[in-house]
file coords-v8.cif (mmCIF, C-alpha atoms)
data_structure
loop_
_atom_site.label_atom_id
_atom_site.label_comp_id
_atom_site.auth_asym_id
_atom_site.auth_seq_id
_atom_site.Cartn_x
_atom_site.Cartn_y
_atom_site.Cartn_z
CA MET A 1 0.00 0.00 0.00
CA ALA A 2 3.03 2.24 -0.25
CA GLY A 3 2.10 5.55 -1.82
CA GLU A 4 -1.65 4.83 -1.65
CA PHE A 5 -3.76 7.71 -0.34
CA ILE A 6 -5.61 6.57 2.77
CA GLU A 7 -8.13 8.70 4.64
CA VAL A 8 -9.13 6.04 7.16
CA ALA A 9 -7.15 3.09 8.50
CA VAL A 10 -9.48 0.25 9.49
CA ILE A 11 -7.92 -1.60 12.41
CA ALA A 12 -9.56 -4.83 13.52
CA GLY A 13 -8.91 -8.22 15.03
CA THR A 14 -8.86 -10.35 11.88
CA PRO A 15 -8.61 -9.89 8.12
CA TYR A 16 -12.36 -10.57 7.89
CA ASP A 17 -13.54 -7.60 9.95
CA SER A 18 -10.77 -5.24 8.86
CA GLY A 19 -11.70 -6.11 5.27
CA LEU A 20 -15.42 -5.71 5.93
CA GLY A 21 -14.97 -2.26 7.45
CA THR A 22 -12.73 -1.23 4.58
CA ASP A 23 -15.22 -2.45 1.96
CA LEU A 24 -18.10 -0.58 3.64
CA LEU A 25 -16.12 2.67 3.69
CA ARG A 26 -14.91 2.30 0.11
CA ALA A 27 -18.49 1.66 -1.01
CA GLU A 28 -19.25 5.16 0.31
CA GLY A 29 -16.31 6.71 -1.53
CA VAL A 30 -13.94 6.90 1.46
CA ALA A 31 -10.32 5.92 0.82
CA ALA A 32 -9.63 3.21 3.39
CA ALA A 33 -7.18 0.39 4.01
CA PRO A 34 -7.37 -2.67 6.32
CA TYR A 35 -5.00 -3.48 9.17
CA ALA A 36 -5.59 -6.74 11.04
CA THR A 37 -3.92 -7.31 14.41
CA ALA A 38 -4.23 -11.11 14.09
CA GLY A 39 -4.66 -13.71 11.38
CA SER A 40 -7.70 -15.53 12.76
CA PRO A 41 -10.28 -15.41 15.58
CA ASP A 42 -8.24 -17.96 17.54
CA GLU A 43 -5.08 -15.86 17.29
CA GLN A 44 -7.04 -12.72 18.14
CA ASP A 45 -8.54 -14.28 21.28
CA SER A 46 -5.14 -15.64 22.31
CA MET A 47 -3.48 -12.23 22.00
CA GLN A 48 -6.27 -10.47 23.86
CA ASP A 49 -6.24 -13.08 26.65
CA GLN A 50 -2.54 -13.80 27.03
CA ARG A 51 -0.62 -10.86 25.50
CA PRO A 52 -2.72 -7.71 25.99
CA ASP A 53 0.34 -5.55 26.71
CA ALA A 54 2.08 -6.65 23.51
CA LEU A 55 -1.14 -6.09 21.57
CA ALA A 56 -1.50 -2.59 23.02
CA ALA A 57 2.11 -1.73 22.18
CA SER A 58 1.68 -2.99 18.62
CA PHE A 59 -1.51 -0.94 18.26
CA GLN A 60 0.25 2.25 19.36
CA ARG A 61 3.19 1.60 17.00
CA LEU A 62 0.75 1.19 14.12
CA LEU A 63 -0.93 4.51 14.94
CA HIS A 64 2.43 6.31 14.96
CA GLU A 65 3.29 4.77 11.58
CA LEU A 66 -0.08 5.78 10.16
CA ARG A 67 0.42 9.33 11.36
CA ARG A 68 3.84 9.37 9.69
CA ARG A 69 2.08 8.37 6.47
CA GLN A 70 -0.40 11.25 6.99
CA VAL A 71 -3.46 9.06 7.48
CA GLU A 72 -6.27 11.25 8.86
CA LEU A 73 -8.24 8.84 11.05
CA ALA A 74 -8.20 5.32 12.46
CA MET A 75 -11.41 3.34 12.85
CA VAL A 76 -11.22 0.42 15.29
CA PHE A 77 -13.68 -1.92 13.61
CA CYS A 78 -13.55 -4.58 16.31
CA ASN A 79 -15.54 -4.47 19.53
CA SER A 80 -13.23 -6.66 21.59
CA LEU A 81 -10.09 -4.83 20.44
CA SER A 82 -11.66 -1.51 21.42
CA SER A 83 -12.12 -2.90 24.94
CA VAL A 84 -8.56 -4.21 25.29
CA VAL A 85 -6.37 -1.38 23.95
CA ASN A 86 -6.37 2.06 25.53
CA HIS A 87 -7.09 4.68 22.85
CA ASP A 88 -7.65 7.64 25.13
CA SER A 89 -4.45 9.38 24.00
CA THR A 90 -3.15 8.39 20.58
CA ALA A 91 -0.94 9.61 17.76
CA LEU A 92 -3.95 10.30 15.50
CA PRO A 93 -7.73 10.45 16.01
CA VAL A 94 -9.35 7.09 16.73
CA VAL A 95 -13.05 6.25 16.61
CA SER A 96 -14.28 2.92 17.93
CA PRO A 97 -17.35 1.00 19.12
CA LEU A 98 -17.00 2.67 22.53
CA THR A 99 -18.23 5.87 20.86
CA VAL A 100 -21.40 4.12 19.74
CA TYR A 101 -22.01 2.47 23.13
CA ARG A 102 -21.82 5.79 24.95
CA ASP A 103 -24.34 7.38 22.60
CA VAL A 104 -26.79 4.48 22.27
CA LEU A 105 -26.98 2.86 25.72
CA PRO A 106 -28.41 5.89 27.59
CA ARG A 107 -31.29 5.98 25.09
CA LEU A 108 -32.35 2.40 25.92
CA ARG A 109 -33.89 0.97 29.07
CA SER A 110 -32.69 -2.56 28.35
CA SER A 111 -30.92 -4.67 25.74
CA LEU A 112 -29.70 -8.06 24.64
CA VAL A 113 -26.01 -7.58 23.80
CA LEU A 114 -24.45 -10.08 21.39
CA THR A 115 -20.65 -10.25 21.25
CA GLY A 116 -17.91 -12.39 19.76
CA ASN A 117 -15.92 -12.81 22.96
CA ALA A 118 -15.98 -11.81 26.62
CA HIS A 119 -13.63 -8.85 26.11
CA ALA A 120 -16.23 -7.20 23.89
CA LEU A 121 -18.93 -7.93 26.44
CA LEU A 122 -16.83 -6.31 29.16
CA GLY A 123 -16.49 -3.16 27.07
CA VAL A 124 -20.26 -2.79 26.77
CA GLU A 125 -20.87 -3.55 30.46
CA ARG A 126 -18.21 -1.05 31.53
CA THR A 127 -19.67 1.68 29.34
CA ALA A 128 -23.20 0.97 30.58
CA ARG A 129 -22.04 1.20 34.18
CA LEU A 130 -20.42 4.57 33.54
CA THR A 131 -23.10 6.15 31.36
CA CYS A 132 -26.43 4.60 32.39
CA PRO A 133 -26.20 2.45 35.54
CA GLY A 134 -29.94 1.63 35.41
CA HIS A 135 -29.70 -0.06 32.02
CA ARG A 136 -30.80 -3.70 32.16
CA MET A 137 -28.43 -5.75 30.04
CA LEU A 138 -28.39 -9.42 29.09
CA GLY A 139 -25.02 -10.23 27.55
CA VAL A 140 -24.16 -13.22 25.35
CA SER A 141 -20.70 -14.07 24.04
CA ASP A 142 -20.46 -16.59 21.19
CA PRO A 143 -16.96 -17.16 19.73
CA MET A 144 -18.18 -20.12 17.66
CA LEU A 145 -20.69 -17.93 15.84
CA VAL A 146 -17.82 -15.64 14.79
CA ARG A 147 -15.90 -18.61 13.46
CA GLY A 148 -18.98 -19.76 11.55
CA ILE A 149 -19.38 -16.36 9.94
CA GLU A 150 -15.72 -16.32 8.93
CA SER A 151 -16.19 -19.70 7.22
CA GLY A 152 -18.19 -17.88 4.53
CA ASP A 153 -21.85 -18.78 5.18
CA PRO A 154 -23.38 -16.28 7.63
CA GLU A 155 -26.91 -17.64 7.19
CA ALA A 156 -25.84 -21.18 8.09
CA ALA A 157 -23.83 -19.86 11.03
CA PHE A 158 -26.89 -18.01 12.33
CA ALA A 159 -29.18 -21.02 11.89
CA ALA A 160 -26.74 -23.32 13.73
CA SER A 161 -26.27 -20.91 16.62
CA HIS A 162 -28.26 -20.27 19.79
CA LEU A 163 -29.52 -16.95 18.43
CA PRO A 164 -32.98 -17.89 17.12
CA GLY A 165 -33.96 -19.14 20.59
CA THR A 166 -32.10 -16.38 22.42
CA LEU A 167 -33.86 -13.67 20.45
CA ARG A 168 -37.25 -15.18 21.25
CA ARG A 169 -36.30 -15.28 24.93
CA ALA A 170 -35.20 -11.65 24.82
CA GLU A 171 -38.63 -10.70 23.52
CA GLU A 172 -40.30 -12.73 26.27
CA LEU A 173 -38.21 -10.88 28.86
CA GLY A 174 -39.41 -7.55 27.46
CA LEU A 175 -35.97 -6.32 26.43
CA GLU A 176 -36.05 -3.24 24.23
CA ALA A 177 -33.26 -3.85 21.72
CA VAL A 178 -30.63 -6.27 20.48
CA ILE A 179 -27.16 -4.78 20.16
CA LEU A 180 -24.83 -6.39 17.61
CA ALA A 181 -21.67 -5.64 19.57
CA CYS A 182 -19.32 -7.49 17.24
CA THR A 183 -18.51 -6.25 13.76
CA HIS A 184 -18.76 -9.81 12.41
CA LEU A 185 -22.44 -9.79 13.37
CA THR A 186 -23.21 -7.09 10.82
CA ALA A 187 -23.17 -10.01 8.35
CA ILE A 188 -26.14 -11.71 10.07
CA LYS A 189 -28.28 -8.62 10.64
CA PRO A 190 -30.93 -9.67 8.04
CA TRP A 191 -31.59 -12.97 9.86
CA VAL A 192 -31.62 -11.30 13.26
CA ALA A 193 -34.21 -8.82 11.95
CA ALA A 194 -36.34 -11.64 10.52
CA SER A 195 -36.28 -13.54 13.82
CA CYS A 196 -37.51 -10.88 16.24
CA ASP A 197 -39.31 -7.57 16.55
CA LEU A 198 -36.67 -5.99 18.77
CA ARG A 199 -34.95 -2.80 17.72
CA ILE A 200 -31.57 -3.70 16.20
CA VAL A 201 -28.49 -1.64 17.00
CA ASP A 202 -25.80 -2.58 14.47
CA VAL A 203 -22.69 -1.10 16.08
CA GLY A 204 -20.49 -1.75 13.04
CA GLY A 205 -22.96 -0.11 10.65
CA ILE A 206 -23.36 2.95 12.91
CA LEU A 207 -19.60 3.25 13.22
CA VAL A 208 -19.15 3.26 9.45
CA ASP A 209 -21.93 5.83 8.97
CA ARG A 210 -20.34 8.20 11.47
CA VAL A 211 -16.89 7.90 9.97
CA VAL A 212 -18.25 8.52 6.45
CA ALA A 213 -20.14 11.61 7.64
CA ALA A 214 -17.09 12.97 9.45
CA VAL A 215 -14.81 12.49 6.44
CA ARG A 216 -17.30 14.19 4.13
CA ASP A 217 -17.83 17.08 6.57
CA GLY A 218 -14.14 17.50 7.27
CA THR A 219 -14.63 16.84 10.99
CA ALA A 220 -12.65 13.59 11.27
CA ASP A 221 -10.23 15.19 13.75
CA ARG A 222 -13.13 15.67 16.17
CA LEU A 223 -14.60 12.18 15.80
CA THR A 224 -12.58 10.59 18.60
CA THR A 225 -13.13 8.14 21.41
CA THR A 226 -12.47 8.88 25.04
CA SER A 227 -11.64 5.61 26.73
CA SER A 228 -14.32 4.33 29.12
CA GLY A 229 -11.92 2.99 31.67
CA SER A 230 -10.26 0.51 29.33
#

call {"tool": "encode", "arguments": {"input": "coords-v8.cif", "output": "structure tokens"}}
result
Amino acid sequence: MAGEFIEVAVIAGTPYDSGLGTDLLRAEGVAAAPYATAGSPDEQDSMQDQRPDALAASFQRLLHELRRRQVELAMVFCNSLSSVVNHDSTALPVVSPLTVYRDVLPRLRSSLVLTGNAHALLGVERTARLTCPGHRMLGVSDPMLVRGIESGDPEAAFAASHLPGTLRRAEELGLEAVILACTHLTAIKPWVAASCDLRIVDVGGILVDRVVAAVRDGTADRLTTTSSGS
């Protein structure tokens, strides 16, 4: 990618989600490039669990390199990564799922939160505790669903998962919304929508929309994330 003009660097856990975020931005006319911090969900989970300090240091080095290359903005398109690395003070502006959580959670009384691993779930819980302590949250982490989506058949992965039953149970409990708090889950949004009448909060889709709007308006330098205790 040497010499390529990049407005937004899409940093994520695996090539799948970094590529997805990049494709969504490019489809809107934003010059973007993917940067994966791991080669697979298994490697991503291992790094987040066993080498969080090394992962954080690598993340900061990447941001300094991107700034040297005059990249304008970094989008962390990975919910669990946004919960593991501290991006409160960085070499260039960073926007991440934490931004979406802080805006969306106070507007909801309750939610079913679907994540790809427990680190992502912790990030949502932490933000809820800081921004809206009365929010009732049921959290579900499903690493195998992420692996199924990466295999290339999101519909089959959804059908084989616990989600059809979990969504029905969420409705029975009177929860207000389902939050797709994993960027992989953007791929199964149509089947989630067909399986329940809950409001769907697609964190990855909202994140992309906000980055596109900021780039077009020239306000990317103000579209940053303040860490919620991560």

call {"tool": "resolve_selection", "arguments": {"input": "coords-v8.cif", "expression": "the PyMOL selection byres ((chain A and resi 126-142) around 8)", "output": "list of chain:residue names"}}
result
A:Leu98, A:Tyr101, A:Arg102, A:Leu105, A:Pro106, A:Leu108, A:Arg109, A:Ser110, A:Ser111, A:Leu112, A:Val113, A:Leu114, A:Thr115, A:Gly116, A:Asn117, A:Ala118, A:Leu121, A:Leu122, A:Gly123, A:Val124, A:Glu125, A:Pro143, A:Met144, A:Leu145, A:Val146, A:Ser228, A:Gly229

call {"tool": "write_last_selection", "arguments": {"input": "coords-v8.cif", "atoms": "C-alpha atoms", "output": "compact mmCIF listing (two decimals), keeping the file's coordinate frame"}}
result
# COMPACT_ATOMS: atom_id res chain seq x y z
CA LEU A 98 -17.00 2.67 22.53
CA TYR A 101 -22.01 2.47 23.13
CA ARG A 102 -21.82 5.79 24.95
CA LEU A 105 -26.98 2.86 25.72
CA PRO A 106 -28.41 5.89 27.59
CA LEU A 108 -32.35 2.40 25.92
CA ARG A 109 -33.89 0.97 29.07
CA SER A 110 -32.69 -2.56 28.35
CA SER A 111 -30.92 -4.67 25.74
CA LEU A 112 -29.70 -8.06 24.64
CA VAL A 113 -26.01 -7.58 23.80
CA LEU A 114 -24.45 -10.08 21.39
CA THR A 115 -20.65 -10.25 21.25
CA GLY A 116 -17.91 -12.39 19.76
CA ASN A 117 -15.92 -12.81 22.96
CA ALA A 118 -15.98 -11.81 26.62
CA LEU A 121 -18.93 -7.93 26.44
CA LEU A 122 -16.83 -6.31 29.16
CA GLY A 123 -16.49 -3.16 27.07
CA VAL A 124 -20.26 -2.79 26.77
CA GLU A 125 -20.87 -3.55 30.46
CA PRO A 143 -16.96 -17.16 19.73
CA MET A 144 -18.18 -20.12 17.66
CA LEU A 145 -20.69 -17.93 15.84
CA VAL A 146 -17.82 -15.64 14.79
CA SER A 228 -14.32 4.33 29.12
CA GLY A 229 -11.92 2.99 31.67

call {"tool": "residues_around", "arguments": {"input": "coords-v8.cif", "residues": "Thr219 of chain A", "least_positions_apart": "4", "cutoff": "12 Å", "atoms": "only C-alpha atoms", "output": "ChimeraX atom specification"}}
result
/A:72-73,93,210-215,223-224

call {"tool": "resolve_selection", "arguments": {"input": "coords-v8.cif", "expression": "the PyMOL selection byres ((chain A and resi 199) around 10)", "output": "PyMOL selection string"}}
result
chain A and resi 111+175-179+193+196-198+200-202

call {"tool": "atom_distance", "arguments": {"input": "coords-v8.cif", "atom1": "atom CA of Pro164 of chain A", "atom2": "atom CA of Tyr16 of chain A"}}
result
23.7 Å

call {"tool": "closest_residue", "arguments": {"input": "coords-v8.cif", "among": "A:Val208, A:Cys78, A:Val100, A:Leu55", "to": "Gly29 of chain A", "atoms": "all atoms listed in the file"}}
result
A:Val208

call {"tool": "atom_distance", "arguments": {"input": "coords-v8.cif", "atom1": "atom CA of Val94 of chain A", "atom2": "atom CA of Met75 of chain A"}}
result
5.8 Å

call {"tool": "atom_distance", "arguments": {"input": "coords-v8.cif", "atom1": "atom CA of Leu163 of chain A", "atom2": "atom CA of Ala194 of chain A"}}
result
11.7 Å

call {"tool": "residues_around", "arguments": {"input": "coords-v8.cif", "residues": "Ile188 of chain A", "least_positions_apart": "5", "cutoff": "8 Å", "atoms": "only C-alpha atoms", "output": "list in words"}}
result
Pro154, Glu155 and Phe158 of chain A

call {"tool": "closest_residue", "arguments": {"input": "coords-v8.cif", "among": "A:Ser195, A:Thr22, A:Thr183, A:Thr37", "to": "Gly165 of chain A", "atoms": "only C-alpha atoms"}}
result
A:Ser195

call {"tool": "resolve_selection", "arguments": {"input": "coords-v8.cif", "expression": "the PyMOL selection byres ((chain A and resi 30) around 9)", "output": "number ranges by chain"}}
result
A: 6-8, 22, 24-29, 31-32, 212, 215-216

call {"tool": "residues_around", "arguments": {"input": "coords-v8.cif", "residues": "Asp49 of chain A", "least_positions_apart": "6", "cutoff": "10 Å", "atoms": "only C-alpha atoms", "output": "list in words"}}
result
Glu43, Val84, Ala118 and His119 of chain A

call {"tool": "residues_around", "arguments": {"input": "coords-v8.cif", "residues": "Phe77 of chain A", "least_positions_apart": "3", "cutoff": "12 Å", "atoms": "only C-alpha atoms", "output": "PyMOL selection string"}}
result
chain A and resi 8-25+33-37+74+80-83+94-100+120+181-186+203-208+211

call {"tool": "closest_residue", "arguments": {"input": "coords-v8.cif", "among": "A:Leu63, A:Ile149, A:Leu167, A:Val71", "to": "Ser89 of chain A", "atoms": "all atoms listed in the file"}}
result
A:Leu63

call {"tool": "closest_residue", "arguments": {"input": "coords-v8.cif", "among": "A:Met47, A:Ala91, A:Val104, A:Asp53", "to": "Arg68 of chain A", "atoms": "only C-alpha atoms"}}
result
A:Ala91
